[in-house]
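Step one of this worksheet: look at the structure below.
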Amino acid sequence: MTRFRLPLLLVALVFLAGCGFHLRNKIALPSDLGPIRVQGASTSYSALVTSLSRGLQGAGATLAAPIGEDNAAMPEEQVATLRILSERWGDLPIAVDQFGRAQEFSLRYAVVFAFKRADGTDLVPQQVVELSRDYVSPPQDATGTATEREVLADELRRDMAASILRRIDGVVRSGPVNVAP
């Protein structure tokens, strides 16, 4: 049995290398960006802000303390800012039963964000990211529906943070942004 493991492992590695699979690189950030502050729409302590902060730290960014948290925080002009301008959640019924009761919903999550350098110029201009997930919620058996919705909301928050970080990466890798004043 053990003498078949090595050849089987080698064959699996050859197929894996041949399929084009490769790990995603960490996101690219400009080397001259400096410290970054992530600001939420209403508060700096949201799950999205936390996920974005962790993602930026994983990419090698230095995070500045949120405004109001540290008396010795850096002045606004010395810190690049990833600002979440708004977060919106919505449930949209997409299927009804013969009695007109909603059976299936689409959970929607939209975020408006902008990323500015310390000098106030746009690194990533203001834009909207929208995500949605569908879930079934039979009215006669609502057990677990709230929990399922919470799990989907957590998943959407993680996906939203990853999507925003990918947008930042795409802008940085494509070159400087030409925005008219």
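Chain identifiers are assigned as A, B, and so on, following the order in which chains appear in the structure tokens; residues are numbered from 1 within each chain, and ligands are numbered from 1 in order of appearance.
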Practice task
Would you kindly return, as a VMD selection string, each protein, DNA or RNA residue with an atom no farther than 10 Å from any atom of Arg101 in chain A, considering only C-alpha atoms and excluding same-chain residues fewer than 2 positions away?
Solution key: chain A and resid 93 95 to 99 103 to 104 137 to 140
Taking the chain letters and numbering used in this document, name the residues of range 19-171 of chain A that DSSP puts in strand (DSSP E), as an mmCIF file with all heavy atoms, in the first residue's frame.
data_model
loop_
_atom_site.group_PDB
_atom_site.id
_atom_site.type_symbol
_atom_site.label_atom_id
_atom_site.label_comp_id
_atom_site.auth_asym_id
_atom_site.auth_seq_id
_atom_site.Cartn_x
_atom_site.Cartn_y
_atom_site.Cartn_z
ATOM 1 N N ILE A 36 -2.950 53.341 6.873
ATOM 2 C CA ILE A 36 -4.316 53.367 6.349
ATOM 3 C C ILE A 36 -5.296 53.342 7.515
ATOM 4 O O ILE A 36 -5.126 52.581 8.469
ATOM 5 C CB ILE A 36 -4.578 52.149 5.442
ATOM 6 C CG1 ILE A 36 -3.587 52.129 4.280
ATOM 7 C CG2 ILE A 36 -6.015 52.139 4.939
ATOM 8 C CD1 ILE A 36 -3.611 50.863 3.470
ATOM 9 N N ARG A 37 -6.337 54.146 7.411
ATOM 10 C CA ARG A 37 -7.431 54.122 8.390
ATOM 11 C C ARG A 37 -8.676 53.619 7.665
ATOM 12 O O ARG A 37 -9.007 54.108 6.590
ATOM 13 C CB ARG A 37 -7.684 55.523 8.949
ATOM 14 C CG ARG A 37 -8.839 55.580 9.934
ATOM 15 C CD ARG A 37 -8.983 56.960 10.551
ATOM 16 N NE ARG A 37 -7.837 57.218 11.412
ATOM 17 C CZ ARG A 37 -7.082 58.315 11.364
ATOM 18 N NH1 ARG A 37 -7.350 59.260 10.514
ATOM 19 N NH2 ARG A 37 -6.063 58.465 12.192
ATOM 20 N N VAL A 38 -9.341 52.655 8.270
ATOM 21 C CA VAL A 38 -10.598 52.137 7.722
ATOM 22 C C VAL A 38 -11.727 52.726 8.552
ATOM 23 O O VAL A 38 -11.767 52.539 9.762
ATOM 24 C CB VAL A 38 -10.646 50.597 7.753
ATOM 25 C CG1 VAL A 38 -11.932 50.089 7.136
ATOM 26 C CG2 VAL A 38 -9.437 49.997 7.045
ATOM 27 N N GLN A 39 -12.613 53.472 7.891
ATOM 28 C CA GLN A 39 -13.729 54.116 8.583
ATOM 29 C C GLN A 39 -15.041 53.532 8.108
ATOM 30 O O GLN A 39 -15.280 53.434 6.901
ATOM 31 C CB GLN A 39 -13.750 55.622 8.311
ATOM 32 C CG GLN A 39 -12.630 56.378 8.945
ATOM 33 C CD GLN A 39 -12.721 57.867 8.656
ATOM 34 O OE1 GLN A 39 -13.362 58.287 7.710
ATOM 35 N NE2 GLN A 39 -12.063 58.649 9.478
ATOM 36 N N ALA A 80 -3.893 57.565 4.731
ATOM 37 C CA ALA A 80 -4.794 57.163 3.652
ATOM 38 C C ALA A 80 -6.064 56.611 4.301
ATOM 39 O O ALA A 80 -6.008 56.027 5.385
ATOM 40 C CB ALA A 80 -4.128 56.106 2.787
ATOM 41 N N THR A 81 -7.199 56.803 3.638
ATOM 42 C CA THR A 81 -8.467 56.424 4.257
ATOM 43 C C THR A 81 -9.302 55.578 3.320
ATOM 44 O O THR A 81 -9.607 55.988 2.194
ATOM 45 C CB THR A 81 -9.280 57.684 4.647
ATOM 46 O OG1 THR A 81 -8.472 58.512 5.469
ATOM 47 C CG2 THR A 81 -10.536 57.307 5.401
ATOM 48 N N LEU A 82 -9.666 54.391 3.796
ATOM 49 C CA LEU A 82 -10.660 53.550 3.131
ATOM 50 C C LEU A 82 -11.959 53.816 3.869
ATOM 51 O O LEU A 82 -12.119 53.418 5.022
ATOM 52 C CB LEU A 82 -10.279 52.074 3.193
ATOM 53 C CG LEU A 82 -11.321 51.091 2.672
ATOM 54 C CD1 LEU A 82 -11.703 51.395 1.230
ATOM 55 C CD2 LEU A 82 -10.800 49.672 2.801
ATOM 56 N N ARG A 83 -12.860 54.546 3.223
ATOM 57 C CA ARG A 83 -14.091 54.981 3.888
ATOM 58 C C ARG A 83 -15.284 54.220 3.320
ATOM 59 O O ARG A 83 -15.501 54.206 2.111
ATOM 60 C CB ARG A 83 -14.274 56.481 3.680
ATOM 61 C CG ARG A 83 -15.493 57.046 4.376
ATOM 62 C CD ARG A 83 -15.503 58.556 4.348
ATOM 63 N NE ARG A 83 -14.517 59.034 5.319
ATOM 64 C CZ ARG A 83 -13.619 59.972 5.073
ATOM 65 N NH1 ARG A 83 -13.547 60.538 3.893
ATOM 66 N NH2 ARG A 83 -12.770 60.343 6.003
ATOM 67 N N ILE A 84 -16.017 53.587 4.228
ATOM 68 C CA ILE A 84 -17.279 52.949 3.864
ATOM 69 C C ILE A 84 -18.340 54.040 4.010
ATOM 70 O O ILE A 84 -18.633 54.479 5.116
ATOM 71 C CB ILE A 84 -17.596 51.748 4.787
ATOM 72 C CG1 ILE A 84 -16.438 50.754 4.810
ATOM 73 C CG2 ILE A 84 -18.897 51.092 4.367
ATOM 74 C CD1 ILE A 84 -16.036 50.201 3.471
ATOM 75 N N LEU A 85 -18.894 54.485 2.898
ATOM 76 C CA LEU A 85 -19.838 55.594 2.916
ATOM 77 C C LEU A 85 -21.247 55.143 3.280
ATOM 78 O O LEU A 85 -21.992 55.891 3.907
ATOM 79 C CB LEU A 85 -19.828 56.307 1.571
ATOM 80 C CG LEU A 85 -18.456 56.863 1.176
ATOM 81 C CD1 LEU A 85 -18.441 57.312 -0.266
ATOM 82 C CD2 LEU A 85 -18.065 58.002 2.096
ATOM 83 N N SER A 86 -21.621 53.936 2.865
ATOM 84 C CA SER A 86 -22.932 53.411 3.261
ATOM 85 C C SER A 86 -22.960 51.902 3.118
ATOM 86 O O SER A 86 -22.254 51.332 2.285
ATOM 87 C CB SER A 86 -24.059 54.052 2.452
ATOM 88 O OG SER A 86 -24.259 53.400 1.230
ATOM 89 N N GLU A 87 -23.770 51.288 3.970
ATOM 90 C CA GLU A 87 -24.043 49.848 3.921
ATOM 91 C C GLU A 87 -25.549 49.689 3.926
ATOM 92 O O GLU A 87 -26.225 50.262 4.775
ATOM 93 C CB GLU A 87 -23.489 49.131 5.153
ATOM 94 C CG GLU A 87 -21.999 49.021 5.227
ATOM 95 C CD GLU A 87 -21.564 48.220 6.446
ATOM 96 O OE1 GLU A 87 -21.697 46.987 6.427
ATOM 97 O OE2 GLU A 87 -21.108 48.854 7.416
ATOM 98 N N ARG A 88 -26.075 48.921 3.005
ATOM 99 C CA ARG A 88 -27.519 48.701 2.924
ATOM 100 C C ARG A 88 -27.818 47.214 2.814
ATOM 101 O O ARG A 88 -27.191 46.501 2.036
ATOM 102 C CB ARG A 88 -28.115 49.390 1.701
ATOM 103 C CG ARG A 88 -27.869 50.858 1.654
ATOM 104 C CD ARG A 88 -29.097 51.579 2.036
ATOM 105 N NE ARG A 88 -28.821 53.008 1.937
ATOM 106 C CZ ARG A 88 -29.401 53.884 2.659
ATOM 107 N NH1 ARG A 88 -30.297 53.530 3.524
ATOM 108 N NH2 ARG A 88 -29.114 55.156 2.533
ATOM 109 N N TRP A 89 -28.795 46.782 3.598
ATOM 110 C CA TRP A 89 -29.276 45.401 3.578
ATOM 111 C C TRP A 89 -30.718 45.404 3.097
ATOM 112 O O TRP A 89 -31.463 46.343 3.374
ATOM 113 C CB TRP A 89 -29.234 44.784 4.963
ATOM 114 C CG TRP A 89 -27.865 44.500 5.466
ATOM 115 C CD1 TRP A 89 -27.096 45.314 6.242
ATOM 116 C CD2 TRP A 89 -27.094 43.330 5.230
ATOM 117 N NE1 TRP A 89 -25.895 44.714 6.502
ATOM 118 C CE2 TRP A 89 -25.869 43.491 5.897
ATOM 119 C CE3 TRP A 89 -27.311 42.157 4.518
ATOM 120 C CZ2 TRP A 89 -24.869 42.527 5.878
ATOM 121 C CZ3 TRP A 89 -26.318 41.203 4.500
ATOM 122 C CH2 TRP A 89 -25.114 41.384 5.169
ATOM 123 N N GLY A 90 -31.118 44.356 2.426
ATOM 124 C CA GLY A 90 -32.512 44.242 2.014
ATOM 125 C C GLY A 90 -32.895 42.802 1.748
ATOM 126 O O GLY A 90 -32.072 41.995 1.316
ATOM 127 N N ASP A 91 -34.145 42.493 2.043
ATOM 128 C CA ASP A 91 -34.731 41.187 1.717
ATOM 129 C C ASP A 91 -35.790 41.407 0.651
ATOM 130 O O ASP A 91 -36.686 42.247 0.826
ATOM 131 C CB ASP A 91 -35.403 40.560 2.941
ATOM 132 C CG ASP A 91 -34.448 39.744 3.776
ATOM 133 O OD1 ASP A 91 -33.542 39.133 3.204
ATOM 134 O OD2 ASP A 91 -34.621 39.716 4.999
ATOM 135 N N LEU A 92 -35.689 40.685 -0.442
ATOM 136 C CA LEU A 92 -36.646 40.821 -1.516
ATOM 137 C C LEU A 92 -37.302 39.460 -1.747
ATOM 138 O O LEU A 92 -36.604 38.489 -2.035
ATOM 139 C CB LEU A 92 -35.929 41.287 -2.783
ATOM 140 C CG LEU A 92 -36.764 41.444 -4.034
ATOM 141 C CD1 LEU A 92 -37.725 42.618 -3.852
ATOM 142 C CD2 LEU A 92 -35.866 41.680 -5.229
ATOM 143 N N PRO A 93 -38.630 39.352 -1.610
ATOM 144 C CA PRO A 93 -39.281 38.073 -1.901
ATOM 145 C C PRO A 93 -39.176 37.769 -3.394
ATOM 146 O O PRO A 93 -39.451 38.643 -4.226
ATOM 147 C CB PRO A 93 -40.736 38.290 -1.482
ATOM 148 C CG PRO A 93 -40.837 39.639 -0.915
ATOM 149 C CD PRO A 93 -39.556 40.356 -1.133
ATOM 150 N N ILE A 94 -38.771 36.559 -3.731
ATOM 151 C CA ILE A 94 -38.633 36.207 -5.144
ATOM 152 C C ILE A 94 -39.553 35.058 -5.554
ATOM 153 O O ILE A 94 -39.667 34.777 -6.733
ATOM 154 C CB ILE A 94 -37.163 35.886 -5.498
ATOM 155 C CG1 ILE A 94 -36.591 34.792 -4.622
ATOM 156 C CG2 ILE A 94 -36.322 37.131 -5.435
ATOM 157 C CD1 ILE A 94 -35.183 34.371 -5.013
ATOM 158 N N ALA A 95 -40.208 34.415 -4.583
ATOM 159 C CA ALA A 95 -41.167 33.355 -4.905
ATOM 160 C C ALA A 95 -42.246 33.323 -3.833
ATOM 161 O O ALA A 95 -41.960 33.500 -2.646
ATOM 162 C CB ALA A 95 -40.466 32.002 -4.981
ATOM 163 N N VAL A 96 -43.484 33.123 -4.267
ATOM 164 C CA VAL A 96 -44.610 33.049 -3.337
ATOM 165 C C VAL A 96 -45.358 31.744 -3.562
ATOM 166 O O VAL A 96 -45.302 31.149 -4.638
ATOM 167 C CB VAL A 96 -45.577 34.250 -3.494
ATOM 168 C CG1 VAL A 96 -44.896 35.544 -3.095
ATOM 169 C CG2 VAL A 96 -46.107 34.348 -4.900
ATOM 170 N N ALA A 102 -44.598 34.613 1.022
ATOM 171 C CA ALA A 102 -43.244 34.517 0.463
ATOM 172 C C ALA A 102 -42.613 33.187 0.846
ATOM 173 O O ALA A 102 -42.666 32.767 1.998
ATOM 174 C CB ALA A 102 -42.393 35.666 0.955
ATOM 175 N N GLN A 103 -42.048 32.508 -0.125
ATOM 176 C CA GLN A 103 -41.383 31.219 0.077
ATOM 177 C C GLN A 103 -39.860 31.316 -0.030
ATOM 178 O O GLN A 103 -39.146 30.581 0.599
ATOM 179 C CB GLN A 103 -41.859 30.210 -0.983
ATOM 180 C CG GLN A 103 -43.292 29.816 -0.872
ATOM 181 C CD GLN A 103 -43.470 28.742 0.177
ATOM 182 O OE1 GLN A 103 -42.577 27.964 0.446
ATOM 183 N NE2 GLN A 103 -44.640 28.716 0.780
ATOM 184 N N GLU A 104 -39.430 32.202 -0.891
ATOM 185 C CA GLU A 104 -37.997 32.323 -1.170
ATOM 186 C C GLU A 104 -37.650 33.805 -1.194
ATOM 187 O O GLU A 104 -38.413 34.628 -1.694
ATOM 188 C CB GLU A 104 -37.698 31.679 -2.526
ATOM 189 C CG GLU A 104 -36.250 31.462 -2.806
ATOM 190 C CD GLU A 104 -36.038 30.641 -4.078
ATOM 191 O OE1 GLU A 104 -36.952 29.940 -4.530
ATOM 192 O OE2 GLU A 104 -34.916 30.727 -4.602
ATOM 193 N N PHE A 105 -36.473 34.133 -0.644
ATOM 194 C CA PHE A 105 -36.034 35.515 -0.554
ATOM 195 C C PHE A 105 -34.650 35.676 -1.161
ATOM 196 O O PHE A 105 -33.878 34.724 -1.244
ATOM 197 C CB PHE A 105 -35.953 35.965 0.917
ATOM 198 C CG PHE A 105 -37.278 36.056 1.603
ATOM 199 C CD1 PHE A 105 -37.812 34.962 2.261
ATOM 200 C CD2 PHE A 105 -37.989 37.243 1.601
ATOM 201 C CE1 PHE A 105 -39.023 35.041 2.907
ATOM 202 C CE2 PHE A 105 -39.206 37.335 2.245
ATOM 203 C CZ PHE A 105 -39.726 36.235 2.896
ATOM 204 N N SER A 106 -34.359 36.899 -1.556
ATOM 205 C CA SER A 106 -33.019 37.264 -1.985
ATOM 206 C C SER A 106 -32.492 38.271 -0.973
ATOM 207 O O SER A 106 -33.065 39.354 -0.818
ATOM 208 C CB SER A 106 -33.058 37.875 -3.382
ATOM 209 O OG SER A 106 -31.759 38.247 -3.787
ATOM 210 N N LEU A 107 -31.431 37.902 -0.261
ATOM 211 C CA LEU A 107 -30.787 38.792 0.705
ATOM 212 C C LEU A 107 -29.767 39.620 -0.064
ATOM 213 O O LEU A 107 -28.863 39.073 -0.697
ATOM 214 C CB LEU A 107 -30.117 37.986 1.813
ATOM 215 C CG LEU A 107 -29.385 38.766 2.893
ATOM 216 C CD1 LEU A 107 -30.360 39.679 3.638
ATOM 217 C CD2 LEU A 107 -28.714 37.818 3.865
ATOM 218 N N ARG A 108 -29.925 40.935 -0.026
ATOM 219 C CA ARG A 108 -29.064 41.832 -0.792
ATOM 220 C C ARG A 108 -28.253 42.709 0.147
ATOM 221 O O ARG A 108 -28.745 43.153 1.173
ATOM 222 C CB ARG A 108 -29.900 42.702 -1.713
ATOM 223 C CG ARG A 108 -30.666 41.881 -2.712
ATOM 224 C CD ARG A 108 -31.374 42.738 -3.724
ATOM 225 N NE ARG A 108 -32.063 41.928 -4.699
ATOM 226 C CZ ARG A 108 -31.509 41.384 -5.770
ATOM 227 N NH1 ARG A 108 -30.233 41.557 -6.003
ATOM 228 N NH2 ARG A 108 -32.215 40.664 -6.605
ATOM 229 N N TYR A 109 -26.983 42.951 -0.267
ATOM 230 C CA TYR A 109 -26.059 43.754 0.528
ATOM 231 C C TYR A 109 -25.312 44.669 -0.428
ATOM 232 O O TYR A 109 -24.684 44.208 -1.387
ATOM 233 C CB TYR A 109 -25.096 42.828 1.264
ATOM 234 C CG TYR A 109 -24.135 43.465 2.218
ATOM 235 C CD1 TYR A 109 -24.452 44.585 2.972
ATOM 236 C CD2 TYR A 109 -22.872 42.913 2.395
ATOM 237 C CE1 TYR A 109 -23.555 45.143 3.867
ATOM 238 C CE2 TYR A 109 -21.971 43.457 3.294
ATOM 239 C CZ TYR A 109 -22.312 44.572 4.018
ATOM 240 O OH TYR A 109 -21.426 45.120 4.911
ATOM 241 N N ALA A 110 -25.418 45.961 -0.211
ATOM 242 C CA ALA A 110 -24.745 46.944 -1.059
ATOM 243 C C ALA A 110 -23.887 47.853 -0.195
ATOM 244 O O ALA A 110 -24.314 48.290 0.871
ATOM 245 C CB ALA A 110 -25.772 47.772 -1.823
ATOM 246 N N VAL A 111 -22.680 48.123 -0.651
ATOM 247 C CA VAL A 111 -21.738 48.984 0.054
ATOM 248 C C VAL A 111 -21.183 50.012 -0.926
ATOM 249 O O VAL A 111 -20.796 49.668 -2.041
ATOM 250 C CB VAL A 111 -20.586 48.161 0.671
ATOM 251 C CG1 VAL A 111 -19.496 49.058 1.215
ATOM 252 C CG2 VAL A 111 -21.101 47.237 1.749
ATOM 253 N N VAL A 112 -21.157 51.258 -0.494
ATOM 254 C CA VAL A 112 -20.515 52.337 -1.248
ATOM 255 C C VAL A 112 -19.219 52.670 -0.506
ATOM 256 O O VAL A 112 -19.246 52.900 0.704
ATOM 257 C CB VAL A 112 -21.419 53.589 -1.327
ATOM 258 C CG1 VAL A 112 -20.714 54.704 -2.098
ATOM 259 C CG2 VAL A 112 -22.751 53.251 -1.959
ATOM 260 N N PHE A 113 -18.101 52.686 -1.225
ATOM 261 C CA PHE A 113 -16.818 52.960 -0.585
ATOM 262 C C PHE A 113 -15.946 53.825 -1.478
ATOM 263 O O PHE A 113 -16.174 53.938 -2.683
ATOM 264 C CB PHE A 113 -16.088 51.657 -0.228
ATOM 265 C CG PHE A 113 -15.437 50.974 -1.401
ATOM 266 C CD1 PHE A 113 -14.087 51.151 -1.667
ATOM 267 C CD2 PHE A 113 -16.174 50.161 -2.243
ATOM 268 C CE1 PHE A 113 -13.491 50.522 -2.744
ATOM 269 C CE2 PHE A 113 -15.596 49.533 -3.324
ATOM 270 C CZ PHE A 113 -14.246 49.715 -3.576
ATOM 271 N N ALA A 114 -14.947 54.428 -0.867
ATOM 272 C CA ALA A 114 -13.931 55.202 -1.582
ATOM 273 C C ALA A 114 -12.618 55.051 -0.818
ATOM 274 O O ALA A 114 -12.611 54.908 0.403
ATOM 275 C CB ALA A 114 -14.329 56.671 -1.669
ATOM 276 N N PHE A 115 -11.518 55.056 -1.537
ATOM 277 C CA PHE A 115 -10.197 54.914 -0.936
ATOM 278 C C PHE A 115 -9.359 56.108 -1.378
ATOM 279 O O PHE A 115 -9.101 56.289 -2.562
ATOM 280 C CB PHE A 115 -9.569 53.610 -1.402
ATOM 281 C CG PHE A 115 -8.402 53.126 -0.583
ATOM 282 C CD1 PHE A 115 -7.960 53.787 0.545
ATOM 283 C CD2 PHE A 115 -7.734 51.975 -0.956
ATOM 284 C CE1 PHE A 115 -6.887 53.331 1.288
ATOM 285 C CE2 PHE A 115 -6.661 51.495 -0.221
ATOM 286 C CZ PHE A 115 -6.235 52.180 0.898
ATOM 287 N N LYS A 116 -8.959 56.942 -0.434
ATOM 288 C CA LYS A 116 -8.187 58.146 -0.732
ATOM 289 C C LYS A 116 -6.788 58.035 -0.134
ATOM 290 O O LYS A 116 -6.617 57.514 0.955
ATOM 291 C CB LYS A 116 -8.890 59.388 -0.182
ATOM 292 C CG LYS A 116 -10.218 59.670 -0.853
ATOM 293 C CD LYS A 116 -10.710 61.041 -0.506
ATOM 294 C CE LYS A 116 -12.007 61.343 -1.176
ATOM 295 N NZ LYS A 116 -11.892 61.626 -2.575
ATOM 296 N N ASP A 122 -7.763 60.405 -5.062
ATOM 297 C CA ASP A 122 -8.428 59.108 -5.090
ATOM 298 C C ASP A 122 -7.450 58.008 -5.485
ATOM 299 O O ASP A 122 -6.773 58.113 -6.514
ATOM 300 C CB ASP A 122 -9.565 59.105 -6.096
ATOM 301 C CG ASP A 122 -10.785 59.864 -5.625
ATOM 302 O OD1 ASP A 122 -10.975 60.010 -4.400
ATOM 303 O OD2 ASP A 122 -11.554 60.289 -6.492
ATOM 304 N N LEU A 123 -7.368 56.975 -4.673
ATOM 305 C CA LEU A 123 -6.684 55.753 -5.082
ATOM 306 C C LEU A 123 -7.705 54.878 -5.783
ATOM 307 O O LEU A 123 -7.468 54.366 -6.873
ATOM 308 C CB LEU A 123 -6.074 55.025 -3.883
ATOM 309 C CG LEU A 123 -5.336 53.734 -4.199
ATOM 310 C CD1 LEU A 123 -4.147 54.006 -5.115
ATOM 311 C CD2 LEU A 123 -4.866 53.059 -2.940
ATOM 312 N N VAL A 124 -8.874 54.699 -5.156
ATOM 313 C CA VAL A 124 -10.012 54.019 -5.759
ATOM 314 C C VAL A 124 -11.184 54.986 -5.650
ATOM 315 O O VAL A 124 -11.614 55.311 -4.551
ATOM 316 C CB VAL A 124 -10.343 52.698 -5.031
ATOM 317 C CG1 VAL A 124 -11.547 52.025 -5.665
ATOM 318 C CG2 VAL A 124 -9.145 51.759 -5.038
ATOM 319 N N PRO A 125 -11.705 55.469 -6.783
ATOM 320 C CA PRO A 125 -12.815 56.409 -6.715
ATOM 321 C C PRO A 125 -14.053 55.757 -6.105
ATOM 322 O O PRO A 125 -14.173 54.533 -6.074
ATOM 323 C CB PRO A 125 -13.072 56.783 -8.177
ATOM 324 C CG PRO A 125 -12.086 56.069 -8.991
ATOM 325 C CD PRO A 125 -11.280 55.174 -8.132
ATOM 326 N N GLN A 126 -14.981 56.586 -5.662
ATOM 327 C CA GLN A 126 -16.203 56.076 -5.030
ATOM 328 C C GLN A 126 -16.923 55.118 -5.967
ATOM 329 O O GLN A 126 -17.095 55.405 -7.147
ATOM 330 C CB GLN A 126 -17.121 57.245 -4.692
ATOM 331 C CG GLN A 126 -18.406 56.813 -4.028
ATOM 332 C CD GLN A 126 -19.252 57.996 -3.621
ATOM 333 O OE1 GLN A 126 -18.730 58.992 -3.153
ATOM 334 N NE2 GLN A 126 -20.544 57.886 -3.806
ATOM 335 N N GLN A 127 -17.308 53.973 -5.430
ATOM 336 C CA GLN A 127 -18.029 52.985 -6.206
ATOM 337 C C GLN A 127 -18.901 52.120 -5.322
ATOM 338 O O GLN A 127 -18.757 52.129 -4.101
ATOM 339 C CB GLN A 127 -17.080 52.133 -7.042
ATOM 340 C CG GLN A 127 -15.925 51.532 -6.297
ATOM 341 C CD GLN A 127 -14.942 50.916 -7.269
ATOM 342 O OE1 GLN A 127 -15.145 49.790 -7.686
ATOM 343 N NE2 GLN A 127 -13.891 51.637 -7.611
ATOM 344 N N VAL A 128 -19.790 51.374 -5.955
ATOM 345 C CA VAL A 128 -20.757 50.536 -5.253
ATOM 346 C C VAL A 128 -20.451 49.075 -5.560
ATOM 347 O O VAL A 128 -20.173 48.713 -6.702
ATOM 348 C CB VAL A 128 -22.194 50.850 -5.717
ATOM 349 C CG1 VAL A 128 -23.199 49.956 -5.014
ATOM 350 C CG2 VAL A 128 -22.518 52.303 -5.501
ATOM 351 N N VAL A 129 -20.519 48.248 -4.528
ATOM 352 C CA VAL A 129 -20.422 46.803 -4.693
ATOM 353 C C VAL A 129 -21.723 46.213 -4.155
ATOM 354 O O VAL A 129 -22.127 46.534 -3.044
ATOM 355 C CB VAL A 129 -19.219 46.206 -3.925
ATOM 356 C CG1 VAL A 129 -19.149 44.710 -4.126
ATOM 357 C CG2 VAL A 129 -17.930 46.867 -4.353
ATOM 358 N N GLU A 130 -22.378 45.392 -4.952
ATOM 359 C CA GLU A 130 -23.629 44.760 -4.538
ATOM 360 C C GLU A 130 -23.481 43.251 -4.621
ATOM 361 O O GLU A 130 -22.973 42.729 -5.610
ATOM 362 C CB GLU A 130 -24.780 45.198 -5.436
ATOM 363 C CG GLU A 130 -25.106 46.664 -5.344
ATOM 364 C CD GLU A 130 -26.282 47.061 -6.209
ATOM 365 O OE1 GLU A 130 -27.238 46.263 -6.310
ATOM 366 O OE2 GLU A 130 -26.235 48.158 -6.764
ATOM 367 N N LEU A 131 -23.933 42.577 -3.586
ATOM 368 C CA LEU A 131 -23.926 41.122 -3.534
ATOM 369 C C LEU A 131 -25.307 40.634 -3.112
ATOM 370 O O LEU A 131 -26.033 41.348 -2.423
ATOM 371 C CB LEU A 131 -22.887 40.615 -2.530
ATOM 372 C CG LEU A 131 -21.432 41.017 -2.774
ATOM 373 C CD1 LEU A 131 -20.570 40.577 -1.605
ATOM 374 C CD2 LEU A 131 -20.924 40.411 -4.067
ATOM 375 N N SER A 132 -25.651 39.420 -3.492
ATOM 376 C CA SER A 132 -26.931 38.862 -3.053
ATOM 377 C C SER A 132 -26.835 37.351 -2.931
ATOM 378 O O SER A 132 -26.006 36.708 -3.593
ATOM 379 C CB SER A 132 -28.052 39.240 -4.013
ATOM 380 O OG SER A 132 -27.895 38.596 -5.258
ATOM 381 N N ARG A 133 -27.654 36.805 -2.078
ATOM 382 C CA ARG A 133 -27.780 35.362 -1.896
ATOM 383 C C ARG A 133 -29.265 35.042 -1.740
ATOM 384 O O ARG A 133 -30.002 35.776 -1.098
ATOM 385 C CB ARG A 133 -27.060 34.867 -0.638
ATOM 386 C CG ARG A 133 -25.577 35.045 -0.622
ATOM 387 C CD ARG A 133 -24.888 34.044 -1.557
ATOM 388 N NE ARG A 133 -23.461 34.160 -1.462
ATOM 389 C CZ ARG A 133 -22.712 35.057 -2.097
ATOM 390 N NH1 ARG A 133 -23.263 35.943 -2.860
ATOM 391 N NH2 ARG A 133 -21.407 35.081 -1.959
ATOM 392 N N ASP A 134 -29.674 33.949 -2.323
ATOM 393 C CA ASP A 134 -31.063 33.512 -2.213
ATOM 394 C C ASP A 134 -31.185 32.456 -1.130
ATOM 395 O O ASP A 134 -30.278 31.633 -0.948
ATOM 396 C CB ASP A 134 -31.552 32.937 -3.538
ATOM 397 C CG ASP A 134 -31.525 33.964 -4.664
ATOM 398 O OD1 ASP A 134 -31.489 35.163 -4.355
ATOM 399 O OD2 ASP A 134 -31.533 33.550 -5.837
ATOM 400 N N TYR A 135 -32.313 32.473 -0.433
ATOM 401 C CA TYR A 135 -32.579 31.440 0.562
ATOM 402 C C TYR A 135 -34.068 31.144 0.610
ATOM 403 O O TYR A 135 -34.900 31.973 0.270
ATOM 404 C CB TYR A 135 -32.037 31.824 1.942
ATOM 405 C CG TYR A 135 -32.714 32.995 2.615
ATOM 406 C CD1 TYR A 135 -33.702 32.804 3.572
ATOM 407 C CD2 TYR A 135 -32.338 34.298 2.315
ATOM 408 C CE1 TYR A 135 -34.314 33.878 4.196
ATOM 409 C CE2 TYR A 135 -32.936 35.367 2.934
ATOM 410 C CZ TYR A 135 -33.920 35.158 3.876
ATOM 411 O OH TYR A 135 -34.523 36.223 4.493
ATOM 412 N N VAL A 136 -34.385 29.915 1.018
ATOM 413 C CA VAL A 136 -35.765 29.451 1.101
ATOM 414 C C VAL A 136 -36.236 29.622 2.529
ATOM 415 O O VAL A 136 -35.526 29.301 3.480
ATOM 416 C CB VAL A 136 -35.868 27.972 0.655
ATOM 417 C CG1 VAL A 136 -37.281 27.448 0.814
ATOM 418 C CG2 VAL A 136 -35.388 27.819 -0.773
#
Practice task
Would you list, as a ChimeraX atom specification, the residues of range 9-181 of chain A that end up in helix (DSSP H, G or I) under DSSP run on this structure's backbone?
Solution key: /A:9-18,47-58,76-78,145-174
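When CA of Thr147 in chain A is paired with CA of Leu165 in chain A, their separation reads 27.4 Å.
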Exercise for the section: For Thr62 in chain A, list every protein, DNA or RNA residue within 8 Å, evaluated using only C-alpha atoms, and leave out those in the same chain fewer than 4 positions away; present the list as a list in words. Expected result: Gly34, Pro35, Ile36, Leu56 and Gln57 of chain A
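Pairwise distance (CA of Gly175 in chain A, CA of Ala61 in chain A) equals 18.6 Å.
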